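Okay, so here's the structure we're looking at.
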Amino acid sequence: IISGGNYSNIKVNADAMGVASGRTENNIQYLSTENLLNLGNSNHNFDTKTSLAYNNGYPYILGGMRYANTNYNDGEYVIYNQADWILTNHDLTGKETLQKVTITLQQNITLSVDIQPMNLKGSDTATITVDGNEKIITINSTMTASNGIWGLFGLVKNATITDLTVQWNKDRTLSSNNGITYAGGLIGQAEKVTLENVTVSNLTINDASTQYLGGVIGYGTNITIDKPVSVNNIKLTQNNTASSLGAFAGEITNLDGEESITITNPTLKGNNIVGGAIGTITGDVSQVIQVTDGGSIQGGVSSIVGGVFGVWNNAQGEAQLENEVEVTTSSMYYVGGIVGQLKANNYTIHNWTFTNSISSTDKADLGGLI
């Protein structure tokens, strides 16, 4: 594969090969993906078919980014390891109005370096698919934010994410110094996104000053649940007094589909709007949404708190809502075992169940359901 170059200056992607970076052996330098990308200059280019790149005429093997072709608007990315993920992210950075992109995981991968969220900005007619292929992404890093968005994915528009498990393994803090508005364990900001058989587990954020914070989605509009979604062992603390917090999502406008959302063992603490599943929801809801198996849902001094939804605006639909988790607050506002505040005309409750306790250390309005 390597020809016409200086054989004494070959650089190999250590991440792709699963070996330690920074060493030289037999005239081959083993470097991390980030270090290789940082070599880029006017002479730097990728050969996307052979995964080979050149720097000042010297070849080095990147590994990963196995395209079906070189047009990002019709690209197919196959992920085998961390290097593949980083290179795919690098290739999509700055790309607007994607038309057809498919990202497929072929193996479980572990992300151990701090990288920015992957943005997938599809056009109105886009076919954007992330096929987890029933694989697991384990995240051992804190990750970094980009343009006020934090998450595995940043801004995702007109896309489907299917058959994917995301496992977080490191506590993190999202302070006001980070300038983050949207933060989610899967997607920071989502527009017209469909989720199918997605699980997010073990995300712990100890101190967040974000406006929208969710275990799966920070802020979303037109979200569809086509196959069940699970959220497990989420621990989120949000200190912003103008914020919305939920184990599934901080805020959602228009939640479509009829498949279930299950929240298991959530520990949530916020200072404004807090919901066991969704902080603020607007519009029709027809899913079965369950909050279950331990944990706690806690509001602060100026909070509206609900066991499933904090605030439900323009409530419609035949949602089946269940909560088994204790709801507490130090607020003098509204606390409900299912919904903290419901805004609707002639809404009919369908199969709501609350089987725990609610309490407040202040003069809050408490309701077993609302």
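Within each chain, counting starts at residue 1; across the structure tokens, chains are named A, B, ... in the order shown, with ligands numbered 1 upward in that order.
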*Skip A:Gly151 itself and residues of its chain fewer than 3 positions away, then list as a count of residues only all residues within 6 Å of it, counting only C-alpha atoms.*
8
*Going by DSSP on the backbone, which bits of stretch 168-366 of chain A are strand (DSSP E)? Write them as an MDAnalysis selection string, please.*
chainID A and resid 168 172:174 182:184 187:201 204:208 212:214 217:225 229:232 235:238 244:246 249:256 261:264 267:270 273:275 278:284 288:292 296:299 304:306 309:316 320:323 326:329 334:336 339:342 353:354 358:360 365:366
*So how many Å separate atom CA of A:Thr280 and atom CA of A:Phe354, to one decimal?*
18.9 Å
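Proximity to A:Leu245 was assessed for A:Ile128, A:Asp284, A:Asp293, A:Gly299 counting only C-alpha atoms; the smallest distance is recorded for A:Gly299.
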*Any idea what's packed within 8 Å of A:Ile115, counting only C-alpha atoms, ignoring anything in its chain fewer than 5 positions away? Could you give it as a list in words?*
Ile86, Met143 and Thr144 of chain A
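Coordinates place atom CA of A:His90 at a distance of 16.6 Å from atom CA of A:Gly122.
Ranking A:Thr282, A:Thr97, A:Gln82, A:Ser357 by their shortest atom-to-atom distance to A:Leu342, with only C-alpha atoms included, puts A:Thr282 first.
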Please list as a compact mmCIF listing (two decimals) with C-alpha atoms, in the first residue's frame every residue within 7 Å of A:Thr165, counting only C-alpha atoms and excluding residues in the same chain fewer than 2 positions away.
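Writing done, so here's around_31.txt:
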```txt
# COMPACT_ATOMS: atom_id res chain seq x y z
CA LYS A 135 -23.18 -2.37 20.10
CA ILE A 136 -22.00 -0.34 23.12
CA ILE A 137 -20.13 2.96 23.21
CA GLN A 167 -22.40 3.74 28.80
CA VAL A 198 -31.61 3.26 22.57
CA THR A 199 -30.17 2.95 26.09
CA VAL A 200 -28.16 5.51 28.08
```
Identify, on the basis of only C-alpha atoms, every residue whose closest approach to stretch 304-319 of chain A does not exceed 8 Å; exclude the query and any residue fewer than 4 positions from it along the same chain; express the result as a PDB file with N, CA and C atoms, in the first residue's frame.
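As a result, part-v1.pdb now contains:
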```
ATOM      1  N   GLY A 246     -34.423  16.724  33.268  1.00  0.00           N
ATOM      2  CA  GLY A 246     -35.138  15.457  33.281  1.00  0.00           C
ATOM      3  C   GLY A 246     -34.210  14.303  32.963  1.00  0.00           C
ATOM      4  N   ASN A 272     -34.964  24.686  39.264  1.00  0.00           N
ATOM      5  CA  ASN A 272     -36.081  25.333  38.583  1.00  0.00           C
ATOM      6  C   ASN A 272     -37.137  24.295  38.219  1.00  0.00           C
ATOM      7  N   ILE A 273     -37.166  23.792  36.989  1.00  0.00           N
ATOM      8  CA  ILE A 273     -38.157  22.803  36.579  1.00  0.00           C
ATOM      9  C   ILE A 273     -37.497  21.427  36.538  1.00  0.00           C
ATOM     10  N   VAL A 274     -38.080  20.478  37.267  1.00  0.00           N
ATOM     11  CA  VAL A 274     -37.498  19.136  37.364  1.00  0.00           C
ATOM     12  C   VAL A 274     -38.590  18.109  37.096  1.00  0.00           C
ATOM     13  N   GLY A 275     -38.315  17.182  36.181  1.00  0.00           N
ATOM     14  CA  GLY A 275     -39.225  16.072  35.929  1.00  0.00           C
ATOM     15  C   GLY A 275     -38.478  14.757  35.950  1.00  0.00           C
ATOM     16  N   GLY A 276     -39.094  13.727  36.521  1.00  0.00           N
ATOM     17  CA  GLY A 276     -38.424  12.438  36.588  1.00  0.00           C
ATOM     18  C   GLY A 276     -38.018  11.912  35.228  1.00  0.00           C
ATOM     19  N   ALA A 277     -38.835  12.198  34.200  1.00  0.00           N
ATOM     20  CA  ALA A 277     -38.505  11.820  32.825  1.00  0.00           C
ATOM     21  C   ALA A 277     -38.144  13.045  31.994  1.00  0.00           C
ATOM     22  N   ILE A 278     -39.028  14.051  31.967  1.00  0.00           N
ATOM     23  CA  ILE A 278     -38.825  15.249  31.158  1.00  0.00           C
ATOM     24  C   ILE A 278     -39.122  16.476  32.008  1.00  0.00           C
ATOM     25  N   GLY A 279     -38.218  17.450  31.980  1.00  0.00           N
ATOM     26  CA  GLY A 279     -38.439  18.666  32.749  1.00  0.00           C
ATOM     27  C   GLY A 279     -39.659  19.423  32.253  1.00  0.00           C
ATOM     28  N   THR A 280     -39.634  19.832  30.984  1.00  0.00           N
ATOM     29  CA  THR A 280     -40.746  20.562  30.375  1.00  0.00           C
ATOM     30  C   THR A 280     -41.144  19.860  29.084  1.00  0.00           C
ATOM     31  N   ILE A 281     -42.430  19.547  28.945  1.00  0.00           N
ATOM     32  CA  ILE A 281     -42.949  18.889  27.741  1.00  0.00           C
ATOM     33  C   ILE A 281     -44.104  19.724  27.212  1.00  0.00           C
ATOM     34  N   THR A 282     -44.173  19.870  25.887  1.00  0.00           N
ATOM     35  CA  THR A 282     -45.262  20.616  25.263  1.00  0.00           C
ATOM     36  C   THR A 282     -45.913  19.754  24.199  1.00  0.00           C
ATOM     37  N   GLY A 283     -47.267  19.626  24.277  1.00  0.00           N
ATOM     38  CA  GLY A 283     -47.998  18.952  23.230  1.00  0.00           C
ATOM     39  C   GLY A 283     -48.480  17.568  23.585  1.00  0.00           C
ATOM     40  N   ASP A 284     -48.861  16.829  22.550  1.00  0.00           N
ATOM     41  CA  ASP A 284     -49.467  15.506  22.650  1.00  0.00           C
ATOM     42  C   ASP A 284     -48.446  14.468  23.101  1.00  0.00           C
ATOM     43  N   VAL A 285     -48.819  13.649  24.081  1.00  0.00           N
ATOM     44  CA  VAL A 285     -47.985  12.536  24.538  1.00  0.00           C
ATOM     45  C   VAL A 285     -48.861  11.290  24.617  1.00  0.00           C
ATOM     46  N   SER A 286     -48.415  10.202  23.958  1.00  0.00           N
ATOM     47  CA  SER A 286     -49.193   8.966  23.964  1.00  0.00           C
ATOM     48  C   SER A 286     -48.381   7.760  24.413  1.00  0.00           C
ATOM     49  N   GLN A 287     -47.161   7.982  24.858  1.00  0.00           N
ATOM     50  CA  GLN A 287     -46.295   6.879  25.283  1.00  0.00           C
ATOM     51  C   GLN A 287     -46.652   6.359  26.663  1.00  0.00           C
ATOM     52  N   VAL A 288     -46.148   5.145  26.943  1.00  0.00           N
ATOM     53  CA  VAL A 288     -46.039   4.660  28.310  1.00  0.00           C
ATOM     54  C   VAL A 288     -44.690   5.149  28.825  1.00  0.00           C
ATOM     55  N   ILE A 289     -44.707   5.965  29.883  1.00  0.00           N
ATOM     56  CA  ILE A 289     -43.468   6.494  30.457  1.00  0.00           C
ATOM     57  C   ILE A 289     -43.422   6.086  31.914  1.00  0.00           C
ATOM     58  N   GLN A 290     -42.384   5.350  32.278  1.00  0.00           N
ATOM     59  CA  GLN A 290     -42.247   4.804  33.626  1.00  0.00           C
ATOM     60  C   GLN A 290     -40.986   5.337  34.289  1.00  0.00           C
ATOM     61  N   VAL A 291     -41.127   5.755  35.537  1.00  0.00           N
ATOM     62  CA  VAL A 291     -39.990   6.150  36.371  1.00  0.00           C
ATOM     63  C   VAL A 291     -40.011   5.210  37.563  1.00  0.00           C
ATOM     64  N   ILE A 297     -36.171  12.404  43.172  1.00  0.00           N
ATOM     65  CA  ILE A 297     -36.414  13.550  42.303  1.00  0.00           C
ATOM     66  C   ILE A 297     -36.594  14.744  43.225  1.00  0.00           C
ATOM     67  N   GLN A 298     -35.677  15.692  43.151  1.00  0.00           N
ATOM     68  CA  GLN A 298     -35.623  16.748  44.164  1.00  0.00           C
ATOM     69  C   GLN A 298     -35.547  18.128  43.525  1.00  0.00           C
ATOM     70  N   GLY A 299     -36.361  19.047  44.039  1.00  0.00           N
ATOM     71  CA  GLY A 299     -36.325  20.433  43.600  1.00  0.00           C
ATOM     72  C   GLY A 299     -35.696  21.335  44.637  1.00  0.00           C
ATOM     73  N   ASN A 323     -44.932   6.501  38.200  1.00  0.00           N
ATOM     74  CA  ASN A 323     -43.765   6.906  38.981  1.00  0.00           C
ATOM     75  C   ASN A 323     -43.745   6.167  40.309  1.00  0.00           C
ATOM     76  N   VAL A 325     -40.870   6.707  42.327  1.00  0.00           N
ATOM     77  CA  VAL A 325     -39.729   7.363  42.963  1.00  0.00           C
ATOM     78  C   VAL A 325     -40.202   8.540  43.819  1.00  0.00           C
ATOM     79  N   GLU A 326     -39.588   8.712  44.967  1.00  0.00           N
ATOM     80  CA  GLU A 326     -39.919   9.800  45.890  1.00  0.00           C
ATOM     81  C   GLU A 326     -39.669  11.161  45.245  1.00  0.00           C
ATOM     82  N   VAL A 327     -40.587  12.103  45.501  1.00  0.00           N
ATOM     83  CA  VAL A 327     -40.480  13.460  44.980  1.00  0.00           C
ATOM     84  C   VAL A 327     -40.434  14.426  46.158  1.00  0.00           C
ATOM     85  N   THR A 328     -39.384  15.246  46.232  1.00  0.00           N
ATOM     86  CA  THR A 328     -39.218  16.181  47.346  1.00  0.00           C
ATOM     87  C   THR A 328     -38.790  17.548  46.829  1.00  0.00           C
ATOM     88  N   THR A 329     -38.983  18.575  47.660  1.00  0.00           N
ATOM     89  CA  THR A 329     -38.540  19.916  47.287  1.00  0.00           C
ATOM     90  C   THR A 329     -38.419  20.792  48.522  1.00  0.00           C
ATOM     91  N   SER A 331     -39.091  23.958  47.806  1.00  0.00           N
ATOM     92  CA  SER A 331     -39.741  25.051  47.096  1.00  0.00           C
ATOM     93  C   SER A 331     -41.094  25.392  47.718  1.00  0.00           C
ATOM     94  N   TYR A 333     -43.462  26.292  45.515  1.00  0.00           N
ATOM     95  CA  TYR A 333     -44.245  26.280  44.280  1.00  0.00           C
ATOM     96  C   TYR A 333     -45.043  24.986  44.151  1.00  0.00           C
ATOM     97  N   TYR A 334     -44.905  24.231  43.048  1.00  0.00           N
ATOM     98  CA  TYR A 334     -45.794  23.118  42.761  1.00  0.00           C
ATOM     99  C   TYR A 334     -45.033  21.802  42.732  1.00  0.00           C
ATOM    100  N   VAL A 335     -45.615  20.784  43.359  1.00  0.00           N
ATOM    101  CA  VAL A 335     -45.006  19.457  43.393  1.00  0.00           C
ATOM    102  C   VAL A 335     -46.090  18.413  43.160  1.00  0.00           C
ATOM    103  N   GLY A 336     -45.860  17.527  42.182  1.00  0.00           N
ATOM    104  CA  GLY A 336     -46.825  16.472  41.913  1.00  0.00           C
ATOM    105  C   GLY A 336     -46.157  15.125  41.753  1.00  0.00           C
ATOM    106  N   GLY A 337     -46.853  14.083  42.164  1.00  0.00           N
ATOM    107  CA  GLY A 337     -46.284  12.745  42.034  1.00  0.00           C
ATOM    108  C   GLY A 337     -46.070  12.342  40.591  1.00  0.00           C
ATOM    109  N   ILE A 338     -46.875  12.915  39.668  1.00  0.00           N
ATOM    110  CA  ILE A 338     -46.714  12.645  38.240  1.00  0.00           C
ATOM    111  C   ILE A 338     -46.306  13.915  37.482  1.00  0.00           C
ATOM    112  N   VAL A 339     -47.081  14.989  37.622  1.00  0.00           N
ATOM    113  CA  VAL A 339     -46.798  16.244  36.920  1.00  0.00           C
ATOM    114  C   VAL A 339     -46.792  17.380  37.930  1.00  0.00           C
ATOM    115  N   GLY A 340     -45.762  18.225  37.867  1.00  0.00           N
ATOM    116  CA  GLY A 340     -45.706  19.368  38.775  1.00  0.00           C
ATOM    117  C   GLY A 340     -46.737  20.420  38.430  1.00  0.00           C
ATOM    118  N   GLN A 341     -46.824  20.789  37.161  1.00  0.00           N
ATOM    119  CA  GLN A 341     -47.797  21.789  36.704  1.00  0.00           C
ATOM    120  C   GLN A 341     -48.327  21.352  35.342  1.00  0.00           C
ATOM    121  N   LEU A 342     -49.640  21.227  35.219  1.00  0.00           N
ATOM    122  CA  LEU A 342     -50.278  20.812  33.968  1.00  0.00           C
ATOM    123  C   LEU A 342     -51.103  21.965  33.429  1.00  0.00           C
ATOM    124  N   LYS A 343     -50.837  22.322  32.162  1.00  0.00           N
ATOM    125  CA  LYS A 343     -51.561  23.417  31.514  1.00  0.00           C
ATOM    126  C   LYS A 343     -52.321  22.840  30.330  1.00  0.00           C
ATOM    127  N   ALA A 344     -53.661  22.831  30.418  1.00  0.00           N
ATOM    128  CA  ALA A 344     -54.449  22.198  29.368  1.00  0.00           C
ATOM    129  C   ALA A 344     -55.887  22.648  29.450  1.00  0.00           C
ATOM    130  N   ASN A 345     -56.628  22.397  28.371  1.00  0.00           N
ATOM    131  CA  ASN A 345     -58.076  22.589  28.349  1.00  0.00           C
ATOM    132  C   ASN A 345     -58.744  21.219  28.270  1.00  0.00           C
ATOM    133  N   TYR A 347     -58.342  18.294  29.836  1.00  0.00           N
ATOM    134  CA  TYR A 347     -57.502  17.106  29.690  1.00  0.00           C
ATOM    135  C   TYR A 347     -58.083  15.949  30.517  1.00  0.00           C
ATOM    136  N   THR A 348     -58.067  14.740  29.919  1.00  0.00           N
ATOM    137  CA  THR A 348     -58.539  13.537  30.604  1.00  0.00           C
ATOM    138  C   THR A 348     -57.353  12.650  30.951  1.00  0.00           C
ATOM    139  N   ILE A 349     -57.232  12.297  32.233  1.00  0.00           N
ATOM    140  CA  ILE A 349     -56.131  11.440  32.684  1.00  0.00           C
ATOM    141  C   ILE A 349     -56.390   9.995  32.274  1.00  0.00           C
ATOM    142  N   HIS A 350     -55.334   9.330  31.761  1.00  0.00           N
ATOM    143  CA  HIS A 350     -55.419   7.937  31.337  1.00  0.00           C
ATOM    144  C   HIS A 350     -54.332   7.127  32.044  1.00  0.00           C
ATOM    145  N   ASN A 351     -54.720   6.272  32.965  1.00  0.00           N
ATOM    146  CA  ASN A 351     -53.796   5.294  33.548  1.00  0.00           C
ATOM    147  C   ASN A 351     -52.528   5.934  34.120  1.00  0.00           C
ATOM    148  N   ILE A 370     -51.002  15.646  40.481  1.00  0.00           N
ATOM    149  CA  ILE A 370     -50.641  16.957  39.928  1.00  0.00           C
ATOM    150  C   ILE A 370     -50.531  17.983  41.048  1.00  0.00           C
TER     151      ILE A 370
END
```
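Our summary of the geometry notes that atom CA of A:Gln116 is positioned 9.5 Å from atom CA of A:Thr93.
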